[in-house]
Structures are given as structure tokens and as C-alpha cells.
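Asker: The structure follows.
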Amino acid sequence: MPRIGVLITYEEVYGKRGSLDDLHALLRPLSFYSVIVSLGKINAVMRTWLNEPDIETDKEICKLLFGAEATRVERVRERYPAGVAVTRMTVLYVCRQAALSCASDGQSIDSPEDLLAIGQCCLIANDLSLTVRFAPSSPVRDKAAALIPFSSYLGREDYANEIARTQIILMETAKSHKAAASPDFVDLAELFRQTTGISITDFASLVFGLLTRYLGLTLRDLFGNPDSYFVPPTFFGRTAVDHATLDRFLDLICID
């Protein structure tokens, strides 16, 4: 499996670069809830948080989204064997634009045309993610600078260590008298608790528990039993976390 993928863009597939207006025009008729659910399922199947290009699954997702037009995507992939249409960055970008342009009472995604719109949105997002365009002759520093916006979307190499390290820093700095004495000190752990109503430890534990729901799901589940991607109210039924904390957690992460 390749470690580095090449983004397949709308410009390469359709011959013109997609704009933000084009992206919003595709999203505007659709229900925000429906878009987020669809992207959530795709994200779960692709396991984008692993930051590992999965070319074969990407091909299957493209068949689902693009239908008869999937051949156009595959012609581009023939030039770039490591080409991918859907990445973590793609999903997050389209989610953000959906929040800005979709209506809460828009139409559900239940037709081939709607799925095609989502696929095209992903390709346009790949076009727009490169905020600075440059020529092969451009200075190396300009090419490197173009990668900076990607840093907020791309995952880390080692999530286990990254999550543990971050949690320790947040919890331990609050106990440091030297750090707390600084006029610039902000108790982020307490600020998180006040803002969300949940401690960082409980939140991280519940997120990890929720993630286990999706580790065993595959593309076959998406086609054969799409409801398996929804979390039933009984999922946390045997947890030791108190009901008030659990209810608050679900309020924070769920879509009404």
C-alpha cells in the first residue's frame, strides 16, 4: 500500500478547475444532515484517520459516487497509480463548506445525481485545497509554503503517542505551580471542562470507545447494511461513565 497518495482533482477529471461557487452550488440544494451522514460513512470506510492511502477502497467509493462517470476518474488514476479522490482533508473541507451553504431542510441524498454531486464536491475540494499554485520552476520555498495549509487537516503518524502526549501535557501543566504562576497561564483542562461539561479524560475515553464501533466495518457493510454505521442509544449501555456525562457527550457530537 503506498504511503503517499496523489489527489485526483476536478480539473483533471472534467477539464476545468472547480471554484468555491461551484462547490456551494452543488451543496446548496442538499440537506446538511444528509451530507454529513454521507461523508461520515465514507470517512469510516476509508479510515482516513490512519493517513494511509487505500487505493482499492477509493476506487469502490468512486464507483458508488460517480456511477457511469467513474470511468473518467479512473482514466486519471491510470496516469497516477497512487491517485486518490477522497482523503481526510477532502472530507473535512467539504464538511466545512456544507456547514456554510447547505440548508437544514434541504433534500436528502437518495439518487445517483445526489451521489454524483457529493463526488464532484470532493474533487473540487481537492482543487481548492492547494491555495497557492506554482510552476515547476517555482522556488522550493514557494512549493513548501503551499503545503502549510494542509497541516491542519493531515493526521499524525502515531495517534496513540500523540493523544497520550497531549493529554498528559494538558493534565500535568495544570498541576505545575511554576506554570500556573505565569501571567499567561491558561488552565486548558479546566477551560475544556467548563466549555463542554466533560473532563478531557472522560471525553477522550468516550471518543476511543466510539471509534471501536467502526474499526471492523467494511465497504461491504456500507452497501449491505448502511444502518451499521449509526450508533444506537444502547452502544454505551454497559459503560461505567455516569449518564449525565454520557448524555452531554452525545449532545456534543451528534447531529439533530
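In the C-alpha cells, chains take the letters A, B, ... in the order shown, each chain's residues start at 1, and ligands count up from 1 in the order shown.
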Using only C-alpha atoms, which protein or nucleic acid residues come within 7 Å of range 4-15 of chain A? Drop anything in the same chain fewer than 3 positions from it, and give the result as JSON, numbers by chain.
Answerer: {"A": [18, 53, 72, 73, 76, 80, 82, 83, 84, 85, 120, 123, 124, 126, 127]}
Asker: Quick one: write out the picked residues with N, CA and C atoms as a PDB file, in the first residue's frame?
Answerer:
ATOM      1  N   GLY A  18     -12.511  23.569 -10.558  1.00  0.00           N
ATOM      2  CA  GLY A  18     -13.716  23.899  -9.811  1.00  0.00           C
ATOM      3  C   GLY A  18     -13.489  25.084  -8.895  1.00  0.00           C
ATOM      4  N   PRO A  53      -3.163   6.056   2.273  1.00  0.00           N
ATOM      5  CA  PRO A  53      -3.980   5.951   1.057  1.00  0.00           C
ATOM      6  C   PRO A  53      -4.416   4.510   0.808  1.00  0.00           C
ATOM      7  N   ARG A  72     -14.217   8.247 -15.889  1.00  0.00           N
ATOM      8  CA  ARG A  72     -13.440   9.475 -16.079  1.00  0.00           C
ATOM      9  C   ARG A  72     -12.412   9.623 -14.963  1.00  0.00           C
ATOM     10  N   VAL A  73     -12.815   9.257 -13.751  1.00  0.00           N
ATOM     11  CA  VAL A  73     -11.890   9.314 -12.620  1.00  0.00           C
ATOM     12  C   VAL A  73     -10.780   8.285 -12.804  1.00  0.00           C
ATOM     13  N   VAL A  76      -7.887   9.185 -15.025  1.00  0.00           N
ATOM     14  CA  VAL A  76      -6.874   9.998 -14.345  1.00  0.00           C
ATOM     15  C   VAL A  76      -5.993   9.103 -13.481  1.00  0.00           C
ATOM     16  N   TYR A  80      -1.831   8.315 -12.603  1.00  0.00           N
ATOM     17  CA  TYR A  80      -1.265   8.383 -11.255  1.00  0.00           C
ATOM     18  C   TYR A  80      -1.733   7.149 -10.480  1.00  0.00           C
ATOM     19  N   ALA A  82      -1.120   6.057  -7.733  1.00  0.00           N
ATOM     20  CA  ALA A  82      -1.388   6.329  -6.314  1.00  0.00           C
ATOM     21  C   ALA A  82      -2.434   7.428  -6.151  1.00  0.00           C
ATOM     22  N   GLY A  83      -3.233   7.669  -7.190  1.00  0.00           N
ATOM     23  CA  GLY A  83      -4.235   8.725  -7.130  1.00  0.00           C
ATOM     24  C   GLY A  83      -5.392   8.375  -6.208  1.00  0.00           C
ATOM     25  N   VAL A  84      -5.828   9.347  -5.410  1.00  0.00           N
ATOM     26  CA  VAL A  84      -6.975   9.161  -4.514  1.00  0.00           C
ATOM     27  C   VAL A  84      -7.914  10.355  -4.656  1.00  0.00           C
ATOM     28  N   ALA A  85      -9.202  10.077  -4.641  1.00  0.00           N
ATOM     29  CA  ALA A  85     -10.205  11.136  -4.764  1.00  0.00           C
ATOM     30  C   ALA A  85     -10.695  11.621  -3.410  1.00  0.00           C
ATOM     31  N   GLN A 120     -18.409  15.037  -6.950  1.00  0.00           N
ATOM     32  CA  GLN A 120     -17.840  16.222  -7.587  1.00  0.00           C
ATOM     33  C   GLN A 120     -17.380  17.240  -6.543  1.00  0.00           C
ATOM     34  N   LEU A 123     -13.942  16.271  -5.463  1.00  0.00           N
ATOM     35  CA  LEU A 123     -12.911  16.617  -6.445  1.00  0.00           C
ATOM     36  C   LEU A 123     -12.631  18.116  -6.448  1.00  0.00           C
ATOM     37  N   ILE A 124     -13.688  18.923  -6.319  1.00  0.00           N
ATOM     38  CA  ILE A 124     -13.492  20.379  -6.262  1.00  0.00           C
ATOM     39  C   ILE A 124     -12.707  20.749  -5.006  1.00  0.00           C
ATOM     40  N   ASN A 126     -10.462  19.012  -3.648  1.00  0.00           N
ATOM     41  CA  ASN A 126      -9.058  18.718  -3.945  1.00  0.00           C
ATOM     42  C   ASN A 126      -8.434  19.822  -4.790  1.00  0.00           C
ATOM     43  N   ASP A 127      -9.226  20.409  -5.689  1.00  0.00           N
ATOM     44  CA  ASP A 127      -8.751  21.562  -6.464  1.00  0.00           C
ATOM     45  C   ASP A 127      -8.434  22.735  -5.543  1.00  0.00           C
TER      46      ASP A 127
END
Asker: Any idea what's packed within 12 Å of Arg220 in chain A, counting only C-alpha atoms, ignoring anything in its chain fewer than 4 positions away? Could you give it as a PDB file with all heavy atoms, in the first residue's frame?
Answerer:
ATOM      1  N   LYS A  41     -19.991   8.268   6.592  1.00  0.00           N
ATOM      2  CA  LYS A  41     -19.893   6.864   6.172  1.00  0.00           C
ATOM      3  C   LYS A  41     -18.661   6.650   5.300  1.00  0.00           C
ATOM      4  O   LYS A  41     -17.923   5.671   5.464  1.00  0.00           O
ATOM      5  CB  LYS A  41     -21.156   6.459   5.407  1.00  0.00           C
ATOM      6  CG  LYS A  41     -22.412   6.368   6.257  1.00  0.00           C
ATOM      7  CD  LYS A  41     -23.611   5.990   5.404  1.00  0.00           C
ATOM      8  CE  LYS A  41     -24.878   5.889   6.229  1.00  0.00           C
ATOM      9  NZ  LYS A  41     -26.057   5.547   5.399  1.00  0.00           N
ATOM     10  N   VAL A  45     -15.439   4.214   6.106  1.00  0.00           N
ATOM     11  CA  VAL A  45     -14.986   3.157   5.200  1.00  0.00           C
ATOM     12  C   VAL A  45     -13.530   3.377   4.787  1.00  0.00           C
ATOM     13  O   VAL A  45     -12.723   2.445   4.761  1.00  0.00           O
ATOM     14  CB  VAL A  45     -15.884   3.102   3.943  1.00  0.00           C
ATOM     15  CG1 VAL A  45     -15.291   2.169   2.899  1.00  0.00           C
ATOM     16  CG2 VAL A  45     -17.277   2.624   4.313  1.00  0.00           C
ATOM     17  N   THR A  57     -10.082   0.791  -2.035  1.00  0.00           N
ATOM     18  CA  THR A  57     -11.332   1.274  -1.445  1.00  0.00           C
ATOM     19  C   THR A  57     -11.752   2.587  -2.085  1.00  0.00           C
ATOM     20  O   THR A  57     -12.943   2.832  -2.312  1.00  0.00           O
ATOM     21  CB  THR A  57     -11.177   1.459   0.078  1.00  0.00           C
ATOM     22  OG1 THR A  57     -10.797   0.208   0.665  1.00  0.00           O
ATOM     23  CG2 THR A  57     -12.482   1.913   0.716  1.00  0.00           C
ATOM     24  N   GLU A  60     -13.647   1.870  -5.191  1.00  0.00           N
ATOM     25  CA  GLU A  60     -15.021   1.427  -4.935  1.00  0.00           C
ATOM     26  C   GLU A  60     -15.911   2.602  -4.534  1.00  0.00           C
ATOM     27  O   GLU A  60     -17.078   2.679  -4.943  1.00  0.00           O
ATOM     28  CB  GLU A  60     -15.024   0.352  -3.840  1.00  0.00           C
ATOM     29  CG  GLU A  60     -14.340  -0.943  -4.238  1.00  0.00           C
ATOM     30  CD  GLU A  60     -14.979  -1.582  -5.462  1.00  0.00           C
ATOM     31  OE1 GLU A  60     -16.226  -1.589  -5.542  1.00  0.00           O
ATOM     32  OE2 GLU A  60     -14.240  -2.045  -6.345  1.00  0.00           O
ATOM     33  N   ILE A  61     -15.365   3.503  -3.736  1.00  0.00           N
ATOM     34  CA  ILE A  61     -16.126   4.695  -3.345  1.00  0.00           C
ATOM     35  C   ILE A  61     -16.448   5.535  -4.580  1.00  0.00           C
ATOM     36  O   ILE A  61     -17.562   6.065  -4.727  1.00  0.00           O
ATOM     37  CB  ILE A  61     -15.338   5.532  -2.318  1.00  0.00           C
ATOM     38  CG1 ILE A  61     -15.258   4.801  -0.975  1.00  0.00           C
ATOM     39  CG2 ILE A  61     -15.968   6.909  -2.133  1.00  0.00           C
ATOM     40  CD1 ILE A  61     -16.582   4.636  -0.273  1.00  0.00           C
ATOM     41  N   LEU A  64     -19.321   4.138  -6.461  1.00  0.00           N
ATOM     42  CA  LEU A  64     -20.576   4.447  -5.774  1.00  0.00           C
ATOM     43  C   LEU A  64     -21.006   5.889  -6.043  1.00  0.00           C
ATOM     44  O   LEU A  64     -22.174   6.154  -6.339  1.00  0.00           O
ATOM     45  CB  LEU A  64     -20.409   4.221  -4.271  1.00  0.00           C
ATOM     46  CG  LEU A  64     -21.546   4.714  -3.363  1.00  0.00           C
ATOM     47  CD1 LEU A  64     -22.812   3.906  -3.619  1.00  0.00           C
ATOM     48  CD2 LEU A  64     -21.145   4.634  -1.894  1.00  0.00           C
ATOM     49  N   GLY A 216     -14.129  -2.410  12.641  1.00  0.00           N
ATOM     50  CA  GLY A 216     -14.380  -3.656  11.926  1.00  0.00           C
ATOM     51  C   GLY A 216     -15.306  -3.533  10.741  1.00  0.00           C
ATOM     52  O   GLY A 216     -15.571  -4.524  10.050  1.00  0.00           O
ATOM     53  N   GLY A 224     -24.357  -3.283   2.156  1.00  0.00           N
ATOM     54  CA  GLY A 224     -25.323  -4.281   2.602  1.00  0.00           C
ATOM     55  C   GLY A 224     -26.138  -3.881   3.809  1.00  0.00           C
ATOM     56  O   GLY A 224     -27.303  -4.265   3.942  1.00  0.00           O
ATOM     57  N   ASN A 225     -25.534  -3.119   4.719  1.00  0.00           N
ATOM     58  CA  ASN A 225     -26.234  -2.745   5.950  1.00  0.00           C
ATOM     59  C   ASN A 225     -25.792  -1.350   6.388  1.00  0.00           C
ATOM     60  O   ASN A 225     -25.046  -1.194   7.356  1.00  0.00           O
ATOM     61  CB  ASN A 225     -25.933  -3.769   7.055  1.00  0.00           C
ATOM     62  CG  ASN A 225     -26.699  -3.468   8.329  1.00  0.00           C
ATOM     63  OD1 ASN A 225     -27.720  -2.787   8.313  1.00  0.00           O
ATOM     64  ND2 ASN A 225     -26.194  -3.966   9.450  1.00  0.00           N
ATOM     65  N   PRO A 226     -26.233  -0.321   5.671  1.00  0.00           N
ATOM     66  CA  PRO A 226     -25.772   1.044   5.984  1.00  0.00           C
ATOM     67  C   PRO A 226     -26.107   1.493   7.397  1.00  0.00           C
ATOM     68  O   PRO A 226     -25.420   2.347   7.956  1.00  0.00           O
ATOM     69  CB  PRO A 226     -26.489   1.910   4.939  1.00  0.00           C
ATOM     70  CG  PRO A 226     -27.587   1.067   4.397  1.00  0.00           C
ATOM     71  CD  PRO A 226     -27.158  -0.351   4.531  1.00  0.00           C
ATOM     72  N   SER A 228     -25.518   0.018   9.977  1.00  0.00           N
ATOM     73  CA  SER A 228     -24.452  -0.383  10.894  1.00  0.00           C
ATOM     74  C   SER A 228     -23.507   0.773  11.197  1.00  0.00           C
ATOM     75  O   SER A 228     -22.743   0.719  12.165  1.00  0.00           O
ATOM     76  CB  SER A 228     -23.660  -1.558  10.310  1.00  0.00           C
ATOM     77  OG  SER A 228     -23.043  -1.203   9.082  1.00  0.00           O
ATOM     78  N   TYR A 229     -23.571   1.824  10.385  1.00  0.00           N
ATOM     79  CA  TYR A 229     -22.704   2.978  10.617  1.00  0.00           C
ATOM     80  C   TYR A 229     -23.307   3.971  11.604  1.00  0.00           C
ATOM     81  O   TYR A 229     -22.657   4.937  11.978  1.00  0.00           O
ATOM     82  CB  TYR A 229     -22.389   3.672   9.283  1.00  0.00           C
ATOM     83  CG  TYR A 229     -21.301   2.948   8.529  1.00  0.00           C
ATOM     84  CD1 TYR A 229     -21.594   1.848   7.737  1.00  0.00           C
ATOM     85  CD2 TYR A 229     -19.973   3.325   8.657  1.00  0.00           C
ATOM     86  CE1 TYR A 229     -20.599   1.161   7.074  1.00  0.00           C
ATOM     87  CE2 TYR A 229     -18.970   2.644   7.999  1.00  0.00           C
ATOM     88  CZ  TYR A 229     -19.284   1.563   7.202  1.00  0.00           C
ATOM     89  OH  TYR A 229     -18.292   0.879   6.562  1.00  0.00           O
TER      90      TYR A 229
END
Asker: Using only C-alpha atoms, find the one residue out of A:Leu170, A:Leu65, A:Ala44, A:Leu128 that sits nearest to Leu115 in chain A.
Answerer: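 Using only C-alpha atoms, the shortest distance to Leu115 in chain A belongs to A:Leu65.
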Asker: Write out as a ChimeraX atom specification the set of residues from range 65-128 of chain A that DSSP, computed on the backbone, places in alpha helix (DSSP H).
Answerer: /A:65-66,70-79,88-101,112-128
Asker: Do you know which residues are at most 9 Å from Phe32 in chain A counting only C-alpha atoms, after dropping those on the same chain fewer than 5 positions away, and could you put them as a VMD selection string?
Answerer: chain A and resid 27 37 95 98 to 99 101 to 108
Asker: How many Å separate CA of Leu211 in chain A from CA of Pro233 in chain A?
Answerer: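 Going from CA of Leu211 in chain A over to CA of Pro233 in chain A covers 15.2 Å.
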Asker: For Thr218 in chain A, please output as number ranges by chain all residues within 9 Å (counting only C-alpha atoms; exclusion window: fewer than 3 positions along the same chain).
Answerer: A: 44-46, 214-215, 221-222
Asker: Fewer than 5 positions away in the same chain doesn't count, so skip those; otherwise give me all residues within 10 Å of Gly209 in chain A, counting only C-alpha atoms, as a PyMOL selection string.
Answerer: chain A and resi 203-204+214+235-236+239
Asker: Between CA of Glu69 in chain A and CA of Ile42 in chain A, what is the distance, to one decimal in Å?
Answerer: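 Going from CA of Glu69 in chain A over to CA of Ile42 in chain A covers 18.4 Å.
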Asker: Residues within 12 Å of Glu190 in chain A, please, as a list in words. Count only C-alpha atoms; anything in the same chain fewer than 5 positions from it doesn't count.
Answerer: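 Skipping anything fewer than 5 positions along the chain leaves Leu170, Met171, Glu172, Thr173, Ala174, Lys175, Phe185, Thr195, Thr196, Gly197, Ile198, Ser199, Ile200 and Thr201 of chain A.
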